[in-house]
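Participant: Quick one, model-v3.txt (compact mmCIF, C-alpha atoms and all ligand atoms):
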# COMPACT_ATOMS: atom_id res chain seq x y z
CA MET M 51 0.00 0.00 0.00
CA ALA M 52 1.35 3.44 -0.90
CA SER M 53 1.96 5.44 2.25
CA THR M 54 -0.19 8.51 2.80
CA PRO M 55 1.42 11.42 4.63
CA THR M 56 -0.09 12.31 8.00
CA THR M 57 1.09 15.90 7.58
CA LEU M 58 1.16 18.11 4.51
CA THR M 59 3.70 20.82 3.75
CA LEU M 60 2.40 24.22 2.68
CA ASN M 61 3.89 26.70 0.22
CA ASP M 62 5.38 28.73 3.10
CA GLY M 63 7.30 25.70 4.40
CA THR M 64 5.05 25.06 7.42
CA SER M 65 2.99 21.91 7.75
CA LEU M 66 -0.49 20.90 8.82
CA PRO M 67 -1.96 17.58 9.97
CA ALA M 68 -3.58 15.84 6.99
CA ILE M 69 -6.97 15.83 8.77
CA GLY M 70 -8.28 18.76 10.80
CA PHE M 71 -11.21 19.08 13.19
CA GLY M 72 -14.17 21.30 12.28
CA THR M 73 -15.55 23.12 15.32
CA TYR M 74 -18.79 24.59 13.98
CA PRO M 75 -21.33 24.65 15.72
CA LEU M 76 -19.67 23.44 18.93
CA LYS M 77 -20.25 25.99 21.68
CA GLY M 78 -20.50 26.36 25.44
CA GLU M 79 -19.50 23.69 27.93
CA ASP M 80 -20.69 20.85 25.66
CA GLY M 81 -18.65 22.32 22.86
CA ILE M 82 -15.52 22.56 25.02
CA GLU M 83 -15.98 18.93 26.08
CA ALA M 84 -16.33 17.80 22.46
CA MET M 85 -13.18 19.70 21.48
CA VAL M 86 -11.19 18.36 24.45
CA ALA M 87 -12.30 14.87 23.40
CA ALA M 88 -11.16 15.58 19.84
CA LEU M 89 -7.73 16.68 21.09
CA GLU M 90 -7.50 13.62 23.35
CA ASN M 91 -8.49 11.48 20.37
CA GLY M 92 -5.57 12.80 18.35
CA TYR M 93 -6.67 15.92 16.43
CA ARG M 94 -3.98 18.59 16.24
CA HIS M 95 -5.70 21.13 14.01
CA LEU M 96 -8.83 23.02 15.12
CA ASP M 97 -10.76 25.03 12.54
CA THR M 98 -12.77 27.94 13.93
CA ALA M 99 -13.97 31.37 12.76
CA VAL M 100 -15.12 34.64 14.30
CA ASN M 101 -18.59 33.87 12.98
CA TYR M 102 -18.75 30.48 14.74
CA GLY M 103 -18.83 32.41 18.03
CA ASN M 104 -16.66 29.76 19.70
CA GLU M 105 -13.09 31.06 19.67
CA ALA M 106 -13.08 31.33 23.48
CA GLU M 107 -14.22 27.70 23.69
CA VAL M 108 -11.46 26.61 21.28
CA GLY M 109 -8.83 28.34 23.43
CA GLU M 110 -10.30 26.86 26.60
CA ALA M 111 -10.36 23.34 25.12
CA LEU M 112 -6.73 23.67 24.08
CA ARG M 113 -5.67 24.72 27.58
CA ARG M 114 -7.86 22.10 29.29
CA SER M 115 -6.44 19.32 27.13
CA GLY M 116 -2.97 19.92 28.55
CA ILE M 117 -1.46 19.40 25.10
CA ALA M 118 1.53 21.63 24.40
CA ARG M 119 0.50 24.79 22.56
CA GLU M 120 3.02 24.28 19.75
CA GLU M 121 1.59 20.84 18.94
CA VAL M 122 -1.81 22.19 17.90
CA VAL M 123 -2.65 24.29 14.85
CA VAL M 124 -5.47 26.78 15.40
CA ALA M 125 -7.11 28.31 12.34
CA THR M 126 -9.58 31.18 12.38
CA LYS M 127 -11.24 33.38 9.78
CA ILE M 128 -11.91 37.07 9.17
CA PRO M 129 -15.63 37.74 8.57
CA GLY M 130 -16.95 39.86 5.72
CA ARG M 131 -17.86 42.83 7.88
CA PHE M 132 -14.17 43.30 8.75
CA HIS M 133 -12.59 43.25 5.30
CA ALA M 134 -11.32 46.86 5.28
CA GLU M 135 -7.58 46.59 6.01
CA ASP M 136 -7.53 48.14 9.49
CA LEU M 137 -10.69 46.31 10.54
CA ALA M 138 -9.25 43.02 9.28
CA LEU M 139 -6.10 43.52 11.35
CA GLN M 140 -8.22 44.35 14.37
CA SER M 141 -10.34 41.26 13.75
CA LEU M 142 -7.19 39.10 13.88
CA ARG M 143 -6.01 40.78 17.09
CA ASP M 144 -9.44 40.27 18.67
CA SER M 145 -9.45 36.61 17.58
CA ALA M 146 -6.05 36.04 19.17
CA GLU M 147 -7.33 37.59 22.36
CA ARG M 148 -10.51 35.49 22.44
CA LEU M 149 -8.46 32.36 21.70
CA GLY M 150 -5.97 33.33 24.40
CA LEU M 151 -3.11 32.86 21.93
CA GLU M 152 -0.19 35.09 21.04
CA GLN M 153 -0.15 33.82 17.48
CA ILE M 154 -2.84 32.48 15.17
CA ASP M 155 -1.37 29.51 13.31
CA LEU M 156 -3.55 29.86 10.21
CA GLY M 157 -5.51 33.01 9.34
CA LEU M 158 -8.11 32.86 6.57
CA ILE M 159 -10.57 35.20 4.86
CA HIS M 160 -13.93 33.48 5.43
CA TRP M 161 -15.77 34.48 2.23
CA PRO M 162 -14.66 36.88 -0.53
CA ASN M 163 -17.98 38.81 -0.69
CA PRO M 164 -17.07 40.10 -4.16
CA SER M 165 -19.90 42.65 -4.42
CA ARG M 166 -18.13 44.68 -1.71
CA ASP M 167 -14.75 44.25 -3.38
CA LEU M 168 -12.82 44.57 -0.13
CA TYR M 169 -11.26 41.09 0.01
CA PRO M 170 -7.94 42.41 -1.44
CA GLN M 171 -7.72 44.68 1.61
CA ALA M 172 -8.37 41.78 3.95
CA TRP M 173 -5.61 39.86 2.16
CA ARG M 174 -3.16 42.76 2.60
CA ALA M 175 -4.05 42.81 6.31
CA LEU M 176 -3.32 39.09 6.58
CA VAL M 177 0.06 39.54 4.90
CA ARG M 178 0.84 42.41 7.29
CA ALA M 179 -0.26 40.30 10.27
CA ARG M 180 2.04 37.54 9.08
CA ASP M 181 4.94 39.96 8.72
CA GLU M 182 4.27 41.24 12.25
CA GLY M 183 4.10 37.70 13.68
CA LEU M 184 0.43 37.80 14.69
CA VAL M 185 -0.41 35.07 12.13
CA ARG M 186 1.94 32.27 11.10
CA THR M 187 0.38 31.07 7.84
CA VAL M 188 -2.04 32.99 5.61
CA GLY M 189 -4.79 31.57 3.47
CA VAL M 190 -8.32 32.09 2.22
CA SER M 191 -11.66 30.33 2.06
CA ASN M 192 -14.29 30.13 -0.65
CA PHE M 193 -12.10 31.96 -3.18
CA THR M 194 -12.61 31.36 -6.90
CA PRO M 195 -9.67 31.26 -9.33
CA GLU M 196 -10.31 34.92 -10.14
CA HIS M 197 -10.15 35.96 -6.46
CA LEU M 198 -6.99 33.91 -5.95
CA ARG M 199 -5.22 35.40 -8.96
CA ARG M 200 -6.16 38.92 -7.97
CA VAL M 201 -4.70 38.75 -4.45
CA ILE M 202 -1.57 37.02 -5.72
CA GLU M 203 -1.00 39.72 -8.34
CA ASP M 204 -1.70 42.41 -5.79
CA THR M 205 0.77 41.29 -3.13
CA GLY M 206 3.04 38.65 -4.65
CA VAL M 207 1.94 36.35 -1.83
CA THR M 208 0.11 33.14 -2.71
CA PRO M 209 -2.40 31.89 -0.13
CA ALA M 210 -1.13 28.68 1.49
CA VAL M 211 -4.62 27.16 1.59
CA ASN M 212 -8.07 27.72 0.14
CA GLN M 213 -10.81 26.15 2.26
CA ILE M 214 -13.72 25.26 -0.02
CA GLU M 215 -16.89 23.18 -0.03
CA LEU M 216 -15.80 19.72 -1.16
CA HIS M 217 -17.55 16.36 -0.72
CA PRO M 218 -18.57 13.52 -3.06
CA TYR M 219 -21.56 15.42 -4.46
CA PHE M 220 -19.31 18.44 -5.14
CA PRO M 221 -15.78 17.24 -5.85
CA GLN M 222 -14.46 20.59 -7.13
CA GLU M 223 -12.31 19.22 -9.93
CA GLN M 224 -11.64 22.63 -11.46
CA MET M 225 -10.68 24.28 -8.15
CA ARG M 226 -8.40 21.38 -7.26
CA SER M 227 -6.55 21.70 -10.53
CA VAL M 228 -6.17 25.49 -10.12
CA HIS M 229 -4.84 24.92 -6.61
CA ALA M 230 -2.32 22.40 -7.93
CA GLU M 231 -1.20 24.88 -10.58
CA LEU M 232 -0.78 27.72 -8.06
CA GLY M 233 0.71 25.64 -5.21
CA ILE M 234 -2.27 26.07 -2.87
CA LEU M 235 -3.45 23.32 -0.54
CA THR M 236 -7.14 22.40 -0.85
CA GLN M 237 -8.95 22.22 2.47
CA ALA M 238 -12.44 20.70 2.44
CA TRP M 239 -15.35 22.07 4.44
CA SER M 240 -18.39 19.84 5.00
CA PRO M 241 -16.10 17.00 3.88
CA MET M 242 -18.71 14.33 4.67
CA GLY M 243 -21.47 16.29 2.97
CA LYS M 244 -22.96 17.16 6.38
CA ARG M 245 -26.68 16.35 6.50
CA ASN M 246 -26.55 15.15 2.91
CA ALA M 247 -23.69 12.67 3.41
CA PRO M 248 -23.73 10.01 0.66
CA PHE M 249 -23.16 7.11 3.08
CA ALA M 250 -25.75 4.91 1.32
CA GLU M 251 -24.50 5.52 -2.23
CA PRO M 252 -23.23 2.21 -3.64
CA ALA M 253 -19.90 3.81 -4.60
CA VAL M 254 -19.32 4.60 -0.92
CA ALA M 255 -21.09 1.67 0.76
CA ASP M 256 -19.48 -0.95 -1.50
CA ALA M 257 -16.00 0.44 -0.87
CA ALA M 258 -16.72 0.44 2.88
CA ALA M 259 -17.76 -3.22 2.75
CA ALA M 260 -14.72 -4.12 0.62
CA HIS M 261 -12.27 -2.56 3.09
CA GLY M 262 -14.15 -3.39 6.31
CA VAL M 263 -14.47 0.29 7.28
CA THR M 264 -17.35 2.74 7.71
CA PRO M 265 -18.77 4.89 4.87
CA GLY M 266 -17.47 7.96 6.68
CA GLN M 267 -13.97 6.53 6.66
CA VAL M 268 -14.26 5.84 2.93
CA ILE M 269 -15.20 9.47 2.26
CA LEU M 270 -12.32 10.82 4.33
CA ARG M 271 -9.90 8.41 2.66
CA TRP M 272 -11.19 9.63 -0.72
CA HIS M 273 -10.25 13.18 0.31
CA LEU M 274 -6.72 12.16 1.25
CA GLN M 275 -6.23 10.35 -2.04
CA LEU M 276 -7.46 13.44 -3.94
CA GLY M 277 -4.92 15.57 -2.06
CA SER M 278 -7.71 17.34 -0.14
CA MET M 279 -7.40 18.08 3.59
CA PRO M 280 -10.75 17.28 5.22
CA LEU M 281 -12.00 19.10 8.33
CA PRO M 282 -14.70 16.74 9.65
CA LYS M 283 -16.77 17.87 12.62
CA SER M 284 -18.07 15.36 15.09
CA ALA M 285 -19.28 15.76 18.66
CA THR M 286 -19.23 11.96 19.03
CA PRO M 287 -15.95 10.59 20.45
CA GLN M 288 -16.16 7.27 18.58
CA ARG M 289 -16.72 9.05 15.28
CA GLN M 290 -13.86 11.41 16.09
CA LEU M 291 -11.63 8.37 16.43
CA ASP M 292 -12.99 6.68 13.30
CA ASN M 293 -12.51 9.85 11.28
CA LEU M 294 -8.77 9.86 12.05
CA ASP M 295 -8.37 6.14 11.50
CA VAL M 296 -8.11 6.23 7.72
CA PHE M 297 -4.42 5.55 7.15
CA GLY M 298 -4.63 1.73 7.24
CA PHE M 299 -6.38 1.09 3.92
CA GLU M 300 -6.25 2.44 0.39
CA LEU M 301 -9.06 2.90 -2.12
CA THR M 302 -8.41 1.61 -5.62
CA ASP M 303 -8.30 4.12 -8.47
CA ASP M 304 -11.69 2.78 -9.59
CA GLN M 305 -13.20 3.31 -6.14
CA VAL M 306 -11.87 6.89 -6.03
CA ALA M 307 -13.25 7.52 -9.53
CA ALA M 308 -16.67 6.06 -8.65
CA ILE M 309 -16.98 8.36 -5.62
CA THR M 310 -15.85 11.40 -7.64
CA ALA M 311 -18.47 10.46 -10.25
CA LEU M 312 -21.20 11.18 -7.62
CA GLY M 313 -20.46 14.85 -8.24
CA ARG M 314 -23.14 16.97 -9.87
CA PRO M 315 -23.32 20.62 -10.89
CA ASP M 316 -25.98 21.40 -8.27
CA GLY M 317 -24.19 19.39 -5.60
CA ARG M 318 -23.52 22.30 -3.27
CA LEU M 319 -25.19 21.89 0.14
CA PHE M 320 -26.92 25.27 0.31
CA GLY M 321 -26.02 27.10 -2.88
CA GLY M 322 -22.86 28.61 -1.44
CA ASP M 323 -21.45 29.86 -4.74
CA PRO M 324 -18.72 32.35 -3.70
CA ASP M 325 -19.54 34.64 -6.64
CA THR M 326 -23.02 35.24 -5.26
CA HIS M 327 -23.26 33.90 -1.69
CA GLU M 328 -22.06 36.48 0.81
CA GLU M 329 -21.55 36.26 4.55
CA MET M 330 -20.79 39.20 6.75
N1 LIG M 401 -15.12 27.98 5.36
C1 LIG M 401 -16.43 27.82 5.33
O1 LIG M 401 -17.16 28.61 4.72
C2 LIG M 401 -17.04 26.66 6.06
C3 LIG M 401 -18.38 26.32 5.86
C4 LIG M 401 -18.89 25.22 6.53
C5 LIG M 401 -18.09 24.49 7.40
N2 LIG M 401 -16.79 24.85 7.60
C6 LIG M 401 -15.88 24.06 8.50
O2 LIG M 401 -15.93 22.71 8.11
C7 LIG M 401 -16.23 21.91 9.25
C8 LIG M 401 -16.96 20.64 8.86
O3 LIG M 401 -18.11 20.93 8.11
P1 LIG M 401 -19.59 20.49 8.55
O4 LIG M 401 -19.68 20.36 10.02
O5 LIG M 401 -20.50 21.42 7.85
O6 LIG M 401 -19.78 19.09 7.84
P2 LIG M 401 -19.23 17.60 7.97
O7 LIG M 401 -17.98 17.55 8.78
O8 LIG M 401 -19.23 17.07 6.59
O9 LIG M 401 -20.42 16.87 8.72
C9 LIG M 401 -20.64 16.99 10.09
C10 LIG M 401 -21.82 16.07 10.44
O10 LIG M 401 -21.48 14.72 10.12
C11 LIG M 401 -21.63 13.90 11.27
N3 LIG M 401 -20.52 12.94 11.24
C12 LIG M 401 -19.21 13.21 11.44
N4 LIG M 401 -18.47 12.09 11.30
C13 LIG M 401 -19.34 11.09 11.02
C14 LIG M 401 -19.18 9.71 10.79
N5 LIG M 401 -17.97 9.12 10.81
N6 LIG M 401 -20.30 8.97 10.52
C15 LIG M 401 -21.51 9.56 10.48
N7 LIG M 401 -21.73 10.86 10.70
C16 LIG M 401 -20.64 11.63 10.96
C17 LIG M 401 -21.58 14.84 12.46
O11 LIG M 401 -22.40 14.35 13.50
P3 LIG M 401 -21.97 14.28 15.06
O12 LIG M 401 -21.33 15.57 15.42
O13 LIG M 401 -23.28 14.06 15.75
O14 LIG M 401 -21.04 13.11 15.19
C18 LIG M 401 -22.17 16.13 11.90
O15 LIG M 401 -23.58 16.09 11.95
C19 LIG M 401 -17.06 22.86 10.14
O16 LIG M 401 -17.12 22.42 11.47
C20 LIG M 401 -16.27 24.13 9.97
O17 LIG M 401 -15.10 24.10 10.79
C21 LIG M 401 -16.26 25.92 6.93
Kindly transcribe the structure held in the file into C-alpha cells.

Facilitator:
Amino acid sequence: MASTPTTLTLNDGTSLPAIGFGTYPLKGEDGIEAMVAALENGYRHLDTAVNYGNEAEVGEALRRSGIAREEVVVATKIPGRFHAEDLALQSLRDSAERLGLEQIDLGLIHWPNPSRDLYPQAWRALVRARDEGLVRTVGVSNFTPEHLRRVIEDTGVTPAVNQIELHPYFPQEQMRSVHAELGILTQAWSPMGKRNAPFAEPAVADAAAAHGVTPGQVILRWHLQLGSMPLPKSATPQRQLDNLDVFGFELTDDQVAAITALGRPDGRLFGGDPDTHEEM
C-alpha cells in the first residue's frame, strides 16, 4: 500500500496535519468537552472562525487538554464585515485575544464577498499580520480562481490554503486543478457532505464493505487520495476516532473515480457559490 502522509507541507514551508477538526457549531461547555475529546483522540488542528462564536471555547479546550501549545494548529477566519484593512487587522487581534493565543497559526478570509470588493484589503491585512508575527500562515476560504489570482498579483503572496466546499456530491475538480497549478493546498469544508452525506450511495457503501471500514472513513480516505485536507466535525468521540483512523487502507483508483463520479453541478449543500453567496 502506498503510504499517505499524515502531515502536509504548505507553500510557506510550514505543515499541517492531513486531517483537521471542524468546530462549527460546537459551543458552550458541551462544545468545550467535544473539542477536548477531539484533542485527546488525536486531532492537532482546530478550525474555527469569528462567525462560529466559539473562539473562546477553542482556546479553553486547548488549555484544558494539557497538550503543548506548539503541537496544535489553530485556524480562524476574518468575517466579511471586517474586510477593510484596518478592521481586518483588528479582527485578527481580537481573535487572538478570544483564543488566548499570542499567534494564530492559520488566518483565513472566510468568504470573498465580491460585491463589496474589499477582500484584497483583507488579504493585505493578513500579509501584514504575518509579517508582524500575529499570524503564522495565511490563506483564504471560498475563493474562486479569479479571487486567488487577484490577491496574488496584488501582493506577490500566494495563499497557502483555500478552504472550499468539497464532498462527493461536489468534488471541485476545477478548483483542485487550479490549486495544484498555483501551489495552494485544498482544504475541504463539510467533507462528509454534512446532512446530505452520501453514506448509502453504492460507490461509498461498497468500498466500505470491501475494506471493512465505515462509509465515513471511505469518504475521508477519498479526500486524502485526492490531495484534499478534510476538516470533519463530530461531537461523538467514537466518530472522532474513526474519522482519524483512515491511514490503514487504500481505495483503488476505480473506487476513487466512482466516488468522484457522484459529483453533480448542483451538488452544493446550500447554494454557497462564492460569486453570489455572501456572509458578513
Ligand atoms: N469555510 C467555510 O465557509 C465553512 C463552511 C462550513 C463548514 N466549515 C468548516 O468545516 C467543518 C466541517 O463541516 P460540517 O460540520 O458542515 O460538515 P461535515 O464535517 O461534513 O459533517 C458533520 C456532520 O457529520 C456527522 N458525522 C461526522 N463524522 C461522522 C461519521 N464518521 N459517521 C456519520 N456521521 C458523521 C456529524 O455528527 P456528530 O457531530 O453528531 O457526530 C455532523 O452532523 C465545520 O465544522 C467548519 O469548521 C467551513

Participant: Can you tell me which residues surround M:Arg174 at a distance of at most 9 Å, considering only C-alpha atoms, apart from same-chain residues fewer than 6 positions away, and format the answer as a ChimeraX atom specification?

Facilitator: /M:135,201,204-205

Participant: Which protein, DNA or RNA residues have an atom within 6 Å of ligand LIG 401 (chain M), counting only C-alpha atoms and all ligand atoms, as number ranges by chain?

Facilitator: M: 72-74, 97-98, 160, 191, 213, 239-244, 266, 281-286, 289, 293

Participant: Please measure the separation of atom CA of M:Ile309 and atom CA of M:Ala253, giving the value in Å to one decimal.

Facilitator: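 Between these atoms lies a distance of 5.5 Å.
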
Participant: From the list M:Gly233, M:Gly313, M:Gly81, M:Gly157, which residue is nearest M:Glu251 when using all atoms listed in the file?

Facilitator: M:Gly313

Participant: Name the residues, using the chain letters and numbers of the file, that sit within 8 Å of (-13.6, 16.9, -5.6) when counting all atoms listed in the file, and give them as a list in words.

Facilitator: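 Those residues, ordered by chain and then number, are Leu216, His217, Pro218, Phe220, Pro221, Gln222, Glu223, Arg226, His273, Leu276, Thr310 and Gly313 of chain M.
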
Participant: Can you tell me, as a list in words, what residues are no more than 7 Å from stretch 152-156 of chain M when counting only C-alpha atoms, ignoring any on the same chain fewer than 4 positions away?

Facilitator: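 Here the qualifying residues turn out to be Val123, Val124, Ala125, Thr126, Ala146, Gly183, Leu184, Val185, Arg186, Thr187 and Val188 of chain M.
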